[in-house]
Amino acid sequence: MNHVSVNPDAPYVVVRTVHLEKQIGDREVLRDVSLELGTHATLAVLGPNGAGKTTLLRVLAGIWGPSGGQLWRFDKPVVGEVRTDARIGYLGHQSFLYPALTALENLTFYGRLWNLDHPHARARDMLRRVGLTWSQNDPVKIYSRGMLQRAAIARMLLPDPQLLLLDEPYTGLDAEAQEFLDHTLITYRDRGGTTLLITHNVQDVLRISDAVTILIGGKLVWWAPLGGWNPERLTAHYQECLRGGKGYP
Amino acid sequence: MWVAMTAFGVMVVFLFAFALETNRVRLAPVFPGILWMAFLFAGIIGLGRTYAHEVPEDALTGLALAPGDRMAIFLAKLTTALLFMLSMEIVTTPLFFAFFSEPWDGQWILFGMTLVLGALGIVELGVLLSAISANLRSAEIIFTLLLFPLEIPVLITTVEASTAILSKPMADPWLWLHGLMAYDVIFFALPLLLYEYLWEV
């Protein structure tokens, strides 16, 4: 398969991996992953449980180092000890918030951690943007799953990142919140942002992505730009890939 | 956390005082052992929860995503735990001396040094093991089972150094204090080598 390449003609490449590998213990979780994302680009990653999707995101974010291959971020190779980057926004399975603190306290804390100017004011503004002003002084432990996800999105967007890495961001969101996230991600891409998101939902892929790739057994087995695909065709193709169907396009 | 540690330390003082009838029995020879056992147990109460606030929503990953060296997270946890441990010692040590009728006339600078070095030895290992076991099932059991045997050198050196300092006339505690210092240096350096690897556990 050719390496995944979304908007490579952009002014600069935001993230690039070349034959990236990641081994955890004896298990090779990522194998030969090559992808390239420019600015103004959204790539969706589909894959079954245990395919290595979260590991891919954690390696790209710099939480874990790769075991082999090359990693480039913001047009520069990442050499030596892999580090996170303030320009990356990461949304994981959990919110990364402290349950005993209020949403406002949590975001102010993260704002200080990121050395942002006026962290309290930025935290308030971000909570207003995600529609949580009414509950910003409540401890996060009483939040519903959807509210927690909104607060986590606010945390992710707080440092105004240039690359978003989203791990199943639509989980637990109601229709209104989904619409909000769609709007946020589309606006973000239009302003030049780059997004790589993991999802199991083909509808999510088609709504907001420019391209989709399928990760199975730690390997990107297929990718395509999304023009001309509909949910039925993409679902059928995904299922064929899962069955190990012959001849990926 | 330090409130729970201190409350536990104070309760141990009272329990030992009542159980051992300290007003009738002379406990000077075993006093340092009782003191450091109490500190170790009180320390475990707090140290086991070093990362408890980060676990429910994986805030540790949130901290790791922030710019800067991740070692700062460990050092911050270590500093906080040490301050909590020292606060607990400051409150409970005079109570121990009072309830066990131990004379308060030793080499207090050396005894203070033993308290600080001993607290450091307990928290260095405790914070490291807490980081290792934070995301594991049966974290508390693993933490306790690993902590006790590895803290034995701290317990031996602190008890022997305290015994030497509190004895009349004072014996030479430096052999034990040097041993304690060596332990502290080793368990300060070990996390610096292991901490990056621990993020992937």
# chains A, B, ... in the order shown; residues from 1 in each chain; ligands from 1

call {"tool": "interface_residues", "arguments": {"of": "chain A", "to": "chain B", "cutoff": "6 Å", "atoms": "only C-alpha atoms", "output": "PyMOL selection string"}}
result
chain A and resi 84+86+94-97+114

call {"tool": "residues_around", "arguments": {"residues": "Gln162 of chain A", "least_positions_apart": "2", "cutoff": "8 Å", "atoms": "only C-alpha atoms", "output": "PDB file with N, CA, C and O atoms, in the first residue's frame"}}
result
ATOM      1  N   ARG A  87       2.003  22.214  20.831  1.00  0.00           N
ATOM      2  CA  ARG A  87       1.129  22.455  19.674  1.00  0.00           C
ATOM      3  C   ARG A  87       0.202  21.282  19.370  1.00  0.00           C
ATOM      4  O   ARG A  87      -0.531  21.302  18.393  1.00  0.00           O
ATOM      5  N   ILE A  88       0.274  20.253  20.201  1.00  0.00           N
ATOM      6  CA  ILE A  88      -0.562  19.069  19.983  1.00  0.00           C
ATOM      7  C   ILE A  88      -1.672  19.023  21.029  1.00  0.00           C
ATOM      8  O   ILE A  88      -1.416  19.141  22.221  1.00  0.00           O
ATOM      9  N   GLY A  89      -2.894  18.853  20.557  1.00  0.00           N
ATOM     10  CA  GLY A  89      -4.025  18.647  21.457  1.00  0.00           C
ATOM     11  C   GLY A  89      -4.416  17.184  21.408  1.00  0.00           C
ATOM     12  O   GLY A  89      -4.597  16.633  20.324  1.00  0.00           O
ATOM     13  N   ASP A 160      -4.711  26.189  22.151  1.00  0.00           N
ATOM     14  CA  ASP A 160      -4.828  26.533  20.733  1.00  0.00           C
ATOM     15  C   ASP A 160      -3.876  25.679  19.874  1.00  0.00           C
ATOM     16  O   ASP A 160      -2.990  26.191  19.181  1.00  0.00           O
ATOM     17  N   LEU A 164      -4.567  18.046  16.212  1.00  0.00           N
ATOM     18  CA  LEU A 164      -5.460  17.385  17.159  1.00  0.00           C
ATOM     19  C   LEU A 164      -5.379  15.879  16.957  1.00  0.00           C
ATOM     20  O   LEU A 164      -5.475  15.392  15.822  1.00  0.00           O
ATOM     21  N   GLY A 192      -6.884  25.895   9.126  1.00  0.00           N
ATOM     22  CA  GLY A 192      -5.537  25.388   8.871  1.00  0.00           C
ATOM     23  C   GLY A 192      -5.110  24.255   9.777  1.00  0.00           C
ATOM     24  O   GLY A 192      -3.991  23.749   9.656  1.00  0.00           O
ATOM     25  N   GLY A 193      -5.987  23.859  10.694  1.00  0.00           N
ATOM     26  CA  GLY A 193      -5.620  22.809  11.646  1.00  0.00           C
ATOM     27  C   GLY A 193      -5.597  21.423  11.017  1.00  0.00           C
ATOM     28  O   GLY A 193      -6.201  21.175   9.972  1.00  0.00           O
ATOM     29  N   THR A 194      -4.883  20.542  11.674  1.00  0.00           N
ATOM     30  CA  THR A 194      -4.751  19.161  11.218  1.00  0.00           C
ATOM     31  C   THR A 194      -5.309  18.243  12.295  1.00  0.00           C
ATOM     32  O   THR A 194      -5.029  18.440  13.477  1.00  0.00           O
TER      33      THR A 194
END

call {"tool": "residues_around", "arguments": {"residues": "segment 201-216 of chain A", "least_positions_apart": "4", "cutoff": "10 Å", "atoms": "only C-alpha atoms", "output": "MDAnalysis selection string"}}
result
chainID A and resid 4:7 30:31 33 35 40:53 56 168:170 178 181:183 185:186 189 195:197 220:227 229:235 237:238 241:242 244

call {"tool": "write_last_selection", "arguments": {"atoms": "C-alpha atoms", "output": "compact mmCIF listing (two decimals), in the first residue's frame"}}
result
# COMPACT_ATOMS: atom_id res chain seq x y z
CA VAL A 4 -1.22 7.62 3.60
CA SER A 5 -0.88 11.18 2.41
CA VAL A 6 -3.47 13.87 3.13
CA ASN A 7 -2.89 17.34 1.73
CA LEU A 30 2.58 -0.90 15.20
CA ARG A 31 4.30 -2.15 12.07
CA VAL A 33 3.14 2.78 9.61
CA LEU A 35 1.55 8.52 6.84
CA HIS A 40 -6.06 21.81 6.50
CA ALA A 41 -6.39 18.04 6.76
CA THR A 42 -8.49 15.56 8.72
CA LEU A 43 -7.67 11.86 8.61
CA ALA A 44 -9.92 9.25 10.20
CA VAL A 45 -8.52 5.92 11.36
CA LEU A 46 -10.84 2.93 11.41
CA GLY A 47 -9.83 -0.34 12.98
CA PRO A 48 -10.97 -3.16 15.26
CA ASN A 49 -10.19 -3.30 18.96
CA GLY A 50 -6.53 -4.02 19.63
CA ALA A 51 -5.43 -2.87 16.18
CA GLY A 52 -3.01 -0.33 17.66
CA LYS A 53 -5.05 2.85 17.08
CA LEU A 56 -0.50 5.20 17.19
CA GLU A 168 -13.06 8.21 19.73
CA PRO A 169 -14.12 11.79 20.45
CA TYR A 170 -17.84 11.22 19.82
CA GLN A 178 -21.98 15.92 18.35
CA LEU A 181 -17.86 18.84 17.87
CA ASP A 182 -18.52 18.56 14.11
CA HIS A 183 -18.64 22.33 13.86
CA LEU A 185 -13.49 20.23 13.93
CA ILE A 186 -14.63 21.58 10.56
CA ARG A 189 -9.61 22.42 9.68
CA THR A 195 -6.71 16.36 12.85
CA LEU A 196 -6.19 12.65 13.16
CA LEU A 197 -9.14 10.92 14.74
CA LEU A 220 -2.27 0.55 7.78
CA VAL A 221 -3.81 -1.75 5.20
CA TRP A 222 -5.76 0.72 3.13
CA TRP A 223 -6.51 4.38 2.72
CA ALA A 224 -8.47 6.65 0.40
CA PRO A 225 -9.59 10.25 0.04
CA LEU A 226 -13.27 10.42 0.88
CA GLY A 227 -14.77 11.96 -2.24
CA TRP A 229 -17.76 7.29 -0.76
CA ASN A 230 -21.10 6.70 0.95
CA PRO A 231 -21.74 4.98 4.31
CA GLU A 232 -22.84 1.67 2.78
CA ARG A 233 -19.87 1.40 0.46
CA LEU A 234 -17.36 2.40 3.15
CA THR A 235 -18.90 -0.02 5.68
CA HIS A 237 -15.21 -2.08 2.32
CA TYR A 238 -14.21 -1.86 5.99
CA CYS A 241 -10.73 -5.45 5.14
CA LEU A 242 -11.59 -6.90 8.57
CA GLY A 244 -8.80 -9.99 5.34

call {"tool": "residues_around", "arguments": {"residues": "Leu82 of chain B", "least_positions_apart": "2", "cutoff": "10 Å", "atoms": "only C-alpha atoms", "output": "PyMOL selection string"}}
result
chain B and resi 43+47+76-80+84-88+116+119-124+127

call {"tool": "select_by_dssp", "arguments": {"residues": "segment 62-159 of chain B", "states": "helix (DSSP H, G or I)", "output": "short mmCIF file (atom, residue, chain, number, x, y, z; two decimals) with N, CA and C atoms, in the first residue's frame"}}
result
data_model
loop_
_atom_site.label_atom_id
_atom_site.label_comp_id
_atom_site.auth_asym_id
_atom_site.auth_seq_id
_atom_site.Cartn_x
_atom_site.Cartn_y
_atom_site.Cartn_z
N GLY B 62 -2.48 13.56 31.15
CA GLY B 62 -2.65 15.00 30.96
C GLY B 62 -1.43 15.77 31.41
N LEU B 63 -0.84 15.36 32.53
CA LEU B 63 0.39 16.02 33.01
C LEU B 63 1.55 15.74 32.06
N ALA B 64 1.60 14.50 31.56
CA ALA B 64 2.71 14.12 30.66
C ALA B 64 2.65 14.89 29.35
N MET B 71 10.09 14.34 34.42
CA MET B 71 10.71 14.07 35.71
C MET B 71 10.18 15.06 36.75
N ALA B 72 9.76 16.25 36.28
CA ALA B 72 9.21 17.25 37.21
C ALA B 72 8.00 16.70 37.94
N ILE B 73 7.23 15.84 37.27
CA ILE B 73 6.04 15.27 37.91
C ILE B 73 6.47 14.40 39.09
N PHE B 74 7.48 13.56 38.83
CA PHE B 74 7.98 12.69 39.89
C PHE B 74 8.57 13.50 41.03
N LEU B 75 9.37 14.50 40.67
CA LEU B 75 10.03 15.30 41.72
C LEU B 75 9.00 16.09 42.54
N ALA B 76 7.95 16.55 41.88
CA ALA B 76 6.89 17.27 42.60
C ALA B 76 6.18 16.33 43.57
N LYS B 77 5.88 15.13 43.09
CA LYS B 77 5.22 14.14 43.96
C LYS B 77 6.14 13.78 45.14
N LEU B 78 7.42 13.64 44.84
CA LEU B 78 8.39 13.28 45.88
C LEU B 78 8.49 14.39 46.93
N THR B 79 8.58 15.62 46.45
CA THR B 79 8.70 16.76 47.37
C THR B 79 7.47 16.85 48.27
N THR B 80 6.29 16.71 47.66
CA THR B 80 5.05 16.80 48.45
C THR B 80 5.01 15.69 49.50
N ALA B 81 5.33 14.47 49.05
CA ALA B 81 5.28 13.34 49.98
C ALA B 81 6.28 13.53 51.11
N LEU B 82 7.45 14.07 50.79
CA LEU B 82 8.46 14.30 51.83
C LEU B 82 7.97 15.35 52.84
N LEU B 83 7.35 16.42 52.32
CA LEU B 83 6.83 17.45 53.23
C LEU B 83 5.74 16.88 54.14
N PHE B 84 4.86 16.05 53.55
CA PHE B 84 3.80 15.42 54.36
C PHE B 84 4.41 14.52 55.43
N MET B 85 5.40 13.76 55.02
CA MET B 85 6.05 12.82 55.94
C MET B 85 6.73 13.58 57.09
N LEU B 86 7.44 14.67 56.74
CA LEU B 86 8.13 15.46 57.76
C LEU B 86 7.13 16.13 58.70
N SER B 87 6.01 16.61 58.13
CA SER B 87 4.97 17.23 58.97
C SER B 87 4.46 16.22 59.98
N MET B 88 4.22 14.99 59.48
CA MET B 88 3.72 13.93 60.38
C MET B 88 4.75 13.65 61.47
N GLU B 89 6.02 13.60 61.09
CA GLU B 89 7.07 13.32 62.08
C GLU B 89 7.17 14.43 63.12
N ILE B 90 7.05 15.68 62.65
CA ILE B 90 7.16 16.83 63.57
C ILE B 90 6.05 16.78 64.63
N VAL B 91 4.85 16.37 64.21
CA VAL B 91 3.73 16.32 65.15
C VAL B 91 3.85 15.12 66.09
N THR B 92 4.22 13.96 65.55
CA THR B 92 4.14 12.74 66.36
C THR B 92 5.39 12.46 67.20
N THR B 93 6.56 12.92 66.75
CA THR B 93 7.79 12.60 67.49
C THR B 93 7.74 13.11 68.95
N PRO B 94 7.38 14.39 69.19
CA PRO B 94 7.31 14.83 70.59
C PRO B 94 6.30 14.01 71.41
N LEU B 95 5.20 13.58 70.75
CA LEU B 95 4.21 12.78 71.47
C LEU B 95 4.80 11.43 71.88
N PHE B 96 5.55 10.83 70.96
CA PHE B 96 6.22 9.56 71.28
C PHE B 96 7.14 9.73 72.49
N PHE B 97 7.95 10.80 72.46
CA PHE B 97 8.88 11.02 73.57
C PHE B 97 8.11 11.22 74.87
N ALA B 98 7.02 11.96 74.80
CA ALA B 98 6.25 12.25 76.01
C ALA B 98 5.60 10.99 76.55
N PHE B 99 4.94 10.23 75.68
CA PHE B 99 4.19 9.05 76.15
C PHE B 99 5.10 7.89 76.55
N TRP B 108 20.08 16.64 69.19
CA TRP B 108 18.86 16.81 68.39
C TRP B 108 19.13 17.13 66.94
N ILE B 109 20.30 17.69 66.66
CA ILE B 109 20.63 17.94 65.24
C ILE B 109 20.80 16.60 64.53
N LEU B 110 21.54 15.70 65.17
CA LEU B 110 21.73 14.37 64.57
C LEU B 110 20.41 13.61 64.50
N PHE B 111 19.60 13.74 65.54
CA PHE B 111 18.31 13.03 65.52
C PHE B 111 17.40 13.61 64.42
N GLY B 112 17.43 14.95 64.29
CA GLY B 112 16.66 15.60 63.22
C GLY B 112 17.13 15.14 61.85
N MET B 113 18.46 15.00 61.72
CA MET B 113 19.01 14.53 60.44
C MET B 113 18.52 13.11 60.14
N THR B 114 18.46 12.28 61.18
CA THR B 114 17.97 10.91 61.00
C THR B 114 16.49 10.92 60.56
N LEU B 115 15.72 11.81 61.18
CA LEU B 115 14.30 11.90 60.81
C LEU B 115 14.15 12.29 59.34
N VAL B 116 14.95 13.26 58.89
CA VAL B 116 14.85 13.74 57.49
C VAL B 116 15.33 12.65 56.52
N LEU B 117 16.49 12.06 56.81
CA LEU B 117 17.03 11.03 55.92
C LEU B 117 16.13 9.80 55.88
N GLY B 118 15.59 9.43 57.04
CA GLY B 118 14.68 8.28 57.10
C GLY B 118 13.40 8.55 56.32
N ALA B 119 12.85 9.77 56.50
CA ALA B 119 11.63 10.14 55.76
C ALA B 119 11.91 10.11 54.26
N LEU B 120 13.08 10.62 53.87
CA LEU B 120 13.44 10.63 52.45
C LEU B 120 13.52 9.21 51.89
N GLY B 121 14.16 8.32 52.67
CA GLY B 121 14.26 6.92 52.22
C GLY B 121 12.90 6.28 52.05
N ILE B 122 12.00 6.55 52.98
CA ILE B 122 10.66 5.95 52.91
C ILE B 122 9.90 6.51 51.70
N VAL B 123 9.93 7.83 51.50
CA VAL B 123 9.10 8.41 50.42
C VAL B 123 9.70 8.17 49.03
N GLU B 124 11.03 8.13 48.92
CA GLU B 124 11.62 7.89 47.59
C GLU B 124 11.11 6.58 47.02
N LEU B 125 11.23 5.53 47.81
CA LEU B 125 10.79 4.21 47.34
C LEU B 125 9.27 4.17 47.21
N GLY B 126 8.58 4.79 48.18
CA GLY B 126 7.12 4.78 48.16
C GLY B 126 6.55 5.44 46.92
N VAL B 127 7.10 6.61 46.55
CA VAL B 127 6.60 7.33 45.38
C VAL B 127 6.91 6.54 44.09
N LEU B 128 8.09 5.92 44.05
CA LEU B 128 8.45 5.12 42.88
C LEU B 128 7.51 3.92 42.74
N LEU B 129 7.30 3.20 43.83
CA LEU B 129 6.43 2.02 43.77
C LEU B 129 4.98 2.42 43.50
N SER B 130 4.59 3.56 44.01
CA SER B 130 3.24 4.06 43.76
C SER B 130 3.06 4.35 42.27
N ALA B 131 4.10 4.90 41.63
CA ALA B 131 4.04 5.16 40.19
C ALA B 131 3.97 3.85 39.41
N ILE B 132 4.75 2.86 39.86
CA ILE B 132 4.76 1.57 39.16
C ILE B 132 3.39 0.89 39.26
N SER B 133 2.79 0.97 40.44
CA SER B 133 1.56 0.20 40.66
C SER B 133 0.29 1.00 40.39
N ALA B 139 -3.42 -2.76 42.92
CA ALA B 139 -2.31 -1.83 43.10
C ALA B 139 -1.86 -1.76 44.57
N GLU B 140 -2.85 -1.73 45.49
CA GLU B 140 -2.49 -1.56 46.90
C GLU B 140 -1.71 -2.76 47.43
N ILE B 141 -2.13 -3.96 46.99
CA ILE B 141 -1.44 -5.17 47.47
C ILE B 141 -0.02 -5.20 46.91
N ILE B 142 0.11 -4.92 45.62
CA ILE B 142 1.44 -4.93 44.99
C ILE B 142 2.34 -3.90 45.65
N PHE B 143 1.77 -2.70 45.89
CA PHE B 143 2.53 -1.62 46.51
C PHE B 143 3.06 -2.05 47.88
N THR B 144 2.16 -2.60 48.71
CA THR B 144 2.55 -2.97 50.07
C THR B 144 3.56 -4.12 50.07
N LEU B 145 3.29 -5.13 49.22
CA LEU B 145 4.18 -6.30 49.20
C LEU B 145 5.59 -5.93 48.74
N LEU B 146 5.69 -4.98 47.81
CA LEU B 146 7.02 -4.57 47.35
C LEU B 146 7.69 -3.61 48.33
N LEU B 147 6.87 -2.76 48.95
CA LEU B 147 7.44 -1.70 49.79
C LEU B 147 8.12 -2.26 51.05
N PHE B 148 7.43 -3.17 51.74
CA PHE B 148 7.96 -3.63 53.03
C PHE B 148 9.37 -4.22 52.93
N PRO B 149 9.59 -5.21 52.06
CA PRO B 149 10.95 -5.78 52.02
C PRO B 149 12.00 -4.77 51.58
N LEU B 150 11.62 -3.87 50.65
CA LEU B 150 12.61 -2.91 50.16
C LEU B 150 12.90 -1.79 51.16
N GLU B 151 12.00 -1.61 52.13
CA GLU B 151 12.23 -0.58 53.15
C GLU B 151 13.03 -1.12 54.34
N ILE B 152 13.30 -2.41 54.35
CA ILE B 152 14.04 -2.99 55.48
C ILE B 152 15.37 -2.27 55.74
N PRO B 153 16.17 -1.96 54.68
CA PRO B 153 17.43 -1.23 54.95
C PRO B 153 17.19 0.12 55.63
N VAL B 154 16.10 0.82 55.23
CA VAL B 154 15.80 2.11 55.88
C VAL B 154 15.47 1.89 57.34
N LEU B 155 14.66 0.87 57.59
CA LEU B 155 14.24 0.59 58.96
C LEU B 155 15.46 0.25 59.84
N ILE B 156 16.34 -0.61 59.31
CA ILE B 156 17.52 -1.01 60.10
C ILE B 156 18.41 0.20 60.39
N THR B 157 18.73 0.97 59.35
CA THR B 157 19.67 2.08 59.54
C THR B 157 19.08 3.19 60.41
N THR B 158 17.79 3.49 60.22
CA THR B 158 17.20 4.56 61.05
C THR B 158 17.09 4.12 62.51
N VAL B 159 16.69 2.88 62.74
CA VAL B 159 16.55 2.39 64.12
C VAL B 159 17.91 2.35 64.79
#

call {"tool": "residues_around", "arguments": {"residues": "Gly69 of chain A", "least_positions_apart": "4", "cutoff": "12 Å", "atoms": "only C-alpha atoms", "output": "JSON, numbers by chain"}}
result
{"A": [16, 17, 18, 19, 20, 21, 22, 23, 30, 31, 32, 33, 34, 35, 59, 65, 77, 78, 79]}

call {"tool": "atom_distance", "arguments": {"atom1": "atom CA of Leu157 of chain A", "atom2": "atom CA of Leu60 of chain A"}}
result
17.3 Å

call {"tool": "atom_distance", "arguments": {"atom1": "atom CA of Thr55 of chain A", "atom2": "atom CA of Gly217 of chain A"}}
result
11.7 Å

call {"tool": "select_by_dssp", "arguments": {"residues": "segment 49-108 of chain A", "states": "strand (DSSP E or B)", "output": "list in words"}}
result
Gly68, Gly69, Gln70, Leu71, Trp72, Arg73, Lys76, Pro77, Ile88, Gly89, Tyr90, Leu91 and Thr102 of chain A

call {"tool": "atom_distance", "arguments": {"atom1": "atom CA of Thr39 of chain A", "atom2": "atom CA of Tyr12 of chain A"}}
result
6.9 Å

call {"tool": "closest_residue", "arguments": {"among": "A:Leu101, A:Leu148, A:Leu163, A:Ala123", "to": "Ala61 of chain A", "atoms": "only C-alpha atoms"}}
result
A:Leu163
